[in-house]
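Student: Take a look at the following structure, please.
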Amino acid sequence: MTSTSTPPGLARFNALEEHAALTALREACASTVWANRLLAARPYATTEDLYAAGDAATAELTAGDLDEAMAGHPPIGRPKPGDPVSAREQRGMAGASEQLKEEMLELNLAYQEKFGHVFLICATGRTGEQMRDAVKERIGHSPEQEREIVRTELGKINRIRLARLVEEDA
(Lines give C-alpha, C1' and ligand atoms only; values in the text may rest on other atoms or scores of the structure.)
Protein backbone atom coordinates (compact mmCIF):
# COMPACT_ATOMS: atom_id res chain seq x y z
CA MET A 1 0.00 0.00 0.00
CA THR A 2 1.37 3.42 -0.81
CA SER A 3 1.43 6.27 1.64
CA THR A 4 -1.25 8.07 -0.41
CA SER A 5 -3.69 5.24 0.34
CA THR A 6 -3.04 5.29 4.08
CA PRO A 7 -6.08 6.74 5.87
CA PRO A 8 -5.42 10.35 6.94
CA GLY A 9 -5.72 9.70 10.67
CA LEU A 10 -3.32 6.78 10.47
CA ALA A 11 -0.91 8.79 8.32
CA ARG A 12 -0.99 11.52 10.96
CA PHE A 13 -0.22 8.96 13.69
CA ASN A 14 2.59 7.43 11.63
CA ALA A 15 4.12 10.90 11.16
CA LEU A 16 4.08 11.86 14.84
CA GLU A 17 7.43 12.53 16.46
CA GLU A 18 8.44 9.47 18.49
CA HIS A 19 7.81 11.05 21.91
CA ALA A 20 4.36 12.32 20.85
CA ALA A 21 3.44 8.91 19.41
CA LEU A 22 4.60 7.15 22.57
CA THR A 23 2.58 9.57 24.72
CA ALA A 24 -0.53 8.91 22.59
CA LEU A 25 -0.03 5.16 22.83
CA ARG A 26 0.48 5.32 26.62
CA GLU A 27 -2.84 7.19 26.84
CA ALA A 28 -4.44 4.28 24.98
CA CYS A 29 -2.80 1.67 27.23
CA ALA A 30 -0.68 2.34 30.32
CA SER A 31 1.61 -0.62 29.63
CA THR A 32 5.06 0.60 28.62
CA VAL A 33 5.80 -2.69 26.84
CA TRP A 34 2.57 -2.51 24.82
CA ALA A 35 3.18 1.09 23.77
CA ASN A 36 6.81 0.45 22.84
CA ARG A 37 5.87 -2.58 20.71
CA LEU A 38 3.34 -0.55 18.75
CA LEU A 39 5.74 2.36 18.43
CA ALA A 40 8.51 0.11 17.10
CA ALA A 41 6.24 -1.32 14.37
CA ARG A 42 5.40 2.08 12.82
CA PRO A 43 4.58 3.00 10.14
CA TYR A 44 1.32 1.10 9.69
CA ALA A 45 -0.14 0.73 6.20
CA THR A 46 -3.69 0.12 7.40
CA THR A 47 -5.69 0.56 10.58
CA GLU A 48 -6.14 -3.23 10.64
CA ASP A 49 -2.34 -3.56 10.79
CA LEU A 50 -2.34 -1.23 13.80
CA TYR A 51 -5.16 -3.16 15.49
CA ALA A 52 -3.44 -6.49 14.82
CA ALA A 53 -0.21 -5.15 16.35
CA GLY A 54 -2.19 -3.97 19.38
CA ASP A 55 -3.89 -7.35 19.73
CA ALA A 56 -0.56 -9.19 19.46
CA ALA A 57 1.09 -6.91 22.00
CA THR A 58 -1.85 -7.37 24.41
CA ALA A 59 -1.66 -11.16 24.05
CA GLU A 60 2.06 -11.09 24.93
CA LEU A 61 1.81 -8.96 28.08
CA THR A 62 3.31 -10.53 31.18
CA ALA A 63 1.51 -10.47 34.52
CA GLY A 64 3.54 -7.39 35.46
CA ASP A 65 2.71 -5.69 32.17
CA LEU A 66 -1.00 -6.40 32.74
CA ASP A 67 -0.71 -4.91 36.23
CA GLU A 68 0.83 -1.76 34.75
CA ALA A 69 -1.94 -1.55 32.13
CA MET A 70 -4.68 -2.02 34.74
CA ALA A 71 -3.16 0.65 36.97
CA GLY A 72 -4.10 3.15 34.26
CA HIS A 73 -7.80 2.41 34.64
CA PRO A 74 -10.01 3.93 37.34
CA PRO A 75 -12.63 1.82 39.12
CA ILE A 76 -15.98 1.50 37.36
CA GLY A 77 -18.25 4.28 38.56
CA ARG A 78 -15.33 6.50 39.51
CA PRO A 79 -13.84 7.96 36.33
CA LYS A 80 -10.70 10.04 36.70
CA PRO A 81 -11.69 13.65 37.45
CA GLY A 82 -11.19 15.82 34.40
CA ASP A 83 -10.52 12.83 32.13
CA PRO A 84 -12.99 12.87 29.24
CA VAL A 85 -11.86 9.41 28.05
CA SER A 86 -12.72 7.60 31.26
CA ALA A 87 -15.93 9.62 31.62
CA ARG A 88 -16.98 8.70 28.05
CA GLU A 89 -16.09 5.04 28.50
CA GLN A 90 -18.00 4.81 31.77
CA ARG A 91 -21.02 6.74 30.55
CA GLY A 92 -23.26 3.83 31.51
CA MET A 93 -22.66 4.63 35.18
CA ALA A 94 -23.23 8.38 34.82
CA GLY A 95 -27.01 8.17 35.16
CA ALA A 96 -27.03 5.27 37.59
CA SER A 97 -28.96 5.53 40.83
CA GLU A 98 -27.09 6.30 44.03
CA GLN A 99 -27.94 2.79 45.18
CA LEU A 100 -26.29 1.27 42.09
CA LYS A 101 -23.24 3.53 42.47
CA GLU A 102 -22.87 2.48 46.11
CA GLU A 103 -23.27 -1.18 45.15
CA MET A 104 -20.58 -0.80 42.47
CA LEU A 105 -18.23 0.82 44.97
CA GLU A 106 -18.69 -2.13 47.35
CA LEU A 107 -18.27 -4.66 44.54
CA ASN A 108 -15.18 -2.86 43.21
CA LEU A 109 -13.61 -2.98 46.67
CA ALA A 110 -14.44 -6.68 47.14
CA TYR A 111 -13.08 -7.49 43.67
CA GLN A 112 -9.90 -5.52 44.29
CA GLU A 113 -9.41 -7.21 47.65
CA LYS A 114 -9.76 -10.67 46.06
CA PHE A 115 -7.70 -10.11 42.91
CA GLY A 116 -5.38 -7.26 43.88
CA HIS A 117 -6.31 -5.04 40.95
CA VAL A 118 -9.12 -2.92 39.59
CA PHE A 119 -12.15 -4.60 38.00
CA LEU A 120 -11.46 -4.12 34.30
CA ILE A 121 -14.25 -4.32 31.75
CA CYS A 122 -14.79 -2.72 28.38
CA ALA A 123 -17.49 -0.39 29.68
CA THR A 124 -18.21 1.30 26.35
CA GLY A 125 -21.88 0.76 25.51
CA ARG A 126 -22.69 -1.06 28.76
CA THR A 127 -25.25 0.04 31.30
CA GLY A 128 -24.47 0.34 34.98
CA GLU A 129 -26.57 -2.75 35.63
CA GLN A 130 -24.62 -4.77 33.04
CA MET A 131 -21.33 -3.76 34.65
CA ARG A 132 -22.66 -4.62 38.12
CA ASP A 133 -23.82 -8.01 36.89
CA ALA A 134 -20.43 -8.65 35.28
CA VAL A 135 -18.47 -7.91 38.45
CA LYS A 136 -20.87 -10.10 40.45
CA GLU A 137 -20.25 -12.98 38.04
CA ARG A 138 -16.52 -12.48 37.72
CA ILE A 139 -15.78 -12.18 41.43
CA GLY A 140 -16.42 -15.93 41.65
CA HIS A 141 -13.62 -16.75 39.19
CA SER A 142 -10.20 -18.06 40.03
CA PRO A 143 -7.33 -15.57 39.68
CA GLU A 144 -6.15 -17.42 36.56
CA GLN A 145 -9.58 -17.26 34.90
CA GLU A 146 -9.94 -13.63 35.78
CA ARG A 147 -6.49 -12.72 34.45
CA GLU A 148 -7.43 -14.04 31.00
CA ILE A 149 -10.77 -12.21 31.05
CA VAL A 150 -8.91 -9.02 32.01
CA ARG A 151 -6.55 -9.53 29.06
CA THR A 152 -9.54 -9.91 26.71
CA GLU A 153 -11.28 -6.82 28.11
CA LEU A 154 -8.05 -4.82 27.91
CA GLY A 155 -7.72 -5.82 24.25
CA LYS A 156 -11.24 -4.51 23.54
CA ILE A 157 -10.49 -1.22 25.31
CA ASN A 158 -7.17 -0.84 23.49
CA ARG A 159 -8.84 -1.35 20.09
CA ILE A 160 -11.48 1.29 20.83
CA ARG A 161 -8.81 3.73 21.98
CA LEU A 162 -6.60 3.03 18.97
CA ALA A 163 -9.58 3.66 16.69
CA ARG A 164 -10.12 7.03 18.36
CA LEU A 165 -6.42 7.81 18.04
CA VAL A 166 -6.46 7.40 14.27
CA GLU A 167 -9.86 8.91 13.50
CA GLU A 168 -9.62 11.20 10.49
CA ASP A 169 -10.67 14.38 12.26
CA ALA A 170 -8.78 13.83 15.52
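We name chains A, B, ... following the order of the C-alpha coordinates; residues begin at 1 in each chain, and ligands are numbered from 1 as shown.
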Where in range 25-169 of chain A does DSSP assign helix (DSSP H, G or I), given as a ChimeraX atom specification?

Tutor: /A:25-28,32-40,47-59,63-71,84-89,91-94,98-115,128-138,143-165

Student: Do you know which residues are at most 10 Å from range 129-131 of chain A counting only C-alpha atoms, after dropping those on the same chain fewer than 6 positions away, and could you put them as a ChimeraX atom specification?

Tutor: /A:76-77,90,92-93,96,100-101,104,119-123,137

Student: I want to know what sits within 10 Å of Leu107 in chain A, based on only C-alpha atoms, with residues of the same chain fewer than 2 positions away left out; could you give that as a ChimeraX atom specification?

Tutor: /A:76,101-105,109-113,119,132,135-136,139

Student: From the set A:Arg88, A:Arg78, A:His117, A:Glu146, which residue has the shortest atom-to-atom contact distance to Ala134 in chain A, counting only C-alpha atoms?

Tutor: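 Smallest separation from Ala134 in chain A among the options: A:Glu146.
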
Student: With only C-alpha atoms counted and 7 Å as the cut-off, give the residues of range 36-152 of chain A in contact with range 24-31 of chain A, each with its shortest interatomic distance in Å and the pair that gives it, as a tab-separated table.

Tutor:
residue	atom	partner	partner_atom	distance
A:Asp65	CA	A:Ser31	CA	5.8
A:Glu68	CA	A:Ser31	CA	5.3
A:Ala69	CA	A:Ser31	CA	4.4
A:Gly72	CA	A:Ala30	CA	5.3

Student: Point out the residue among A:Thr62, A:Leu22, A:Phe13, A:Ile149 with the least atom-to-atom distance to Leu50 in chain A, counting only C-alpha atoms.

Tutor: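 Closest residue, counting only C-alpha atoms: A:Phe13.
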
Student: Between CA of Thr127 in chain A and CA of Ala57 in chain A, what is the distance in Å, rounded to a tenth?

Tutor: 28.8 Å

Student: From the list A:Glu167, A:Asn158, A:Asp133, A:Arg147, which residue is nearest His73 in chain A when using only C-alpha atoms?

Tutor: A:Asn158

Student: Would you mind reading off the distance between CA of Asp55 in chain A and CA of Glu153 in chain A, one decimal, in Å?

Tutor: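 Taking CA of Asp55 in chain A as the start and CA of Glu153 in chain A as the end point, the length is 11.2 Å.
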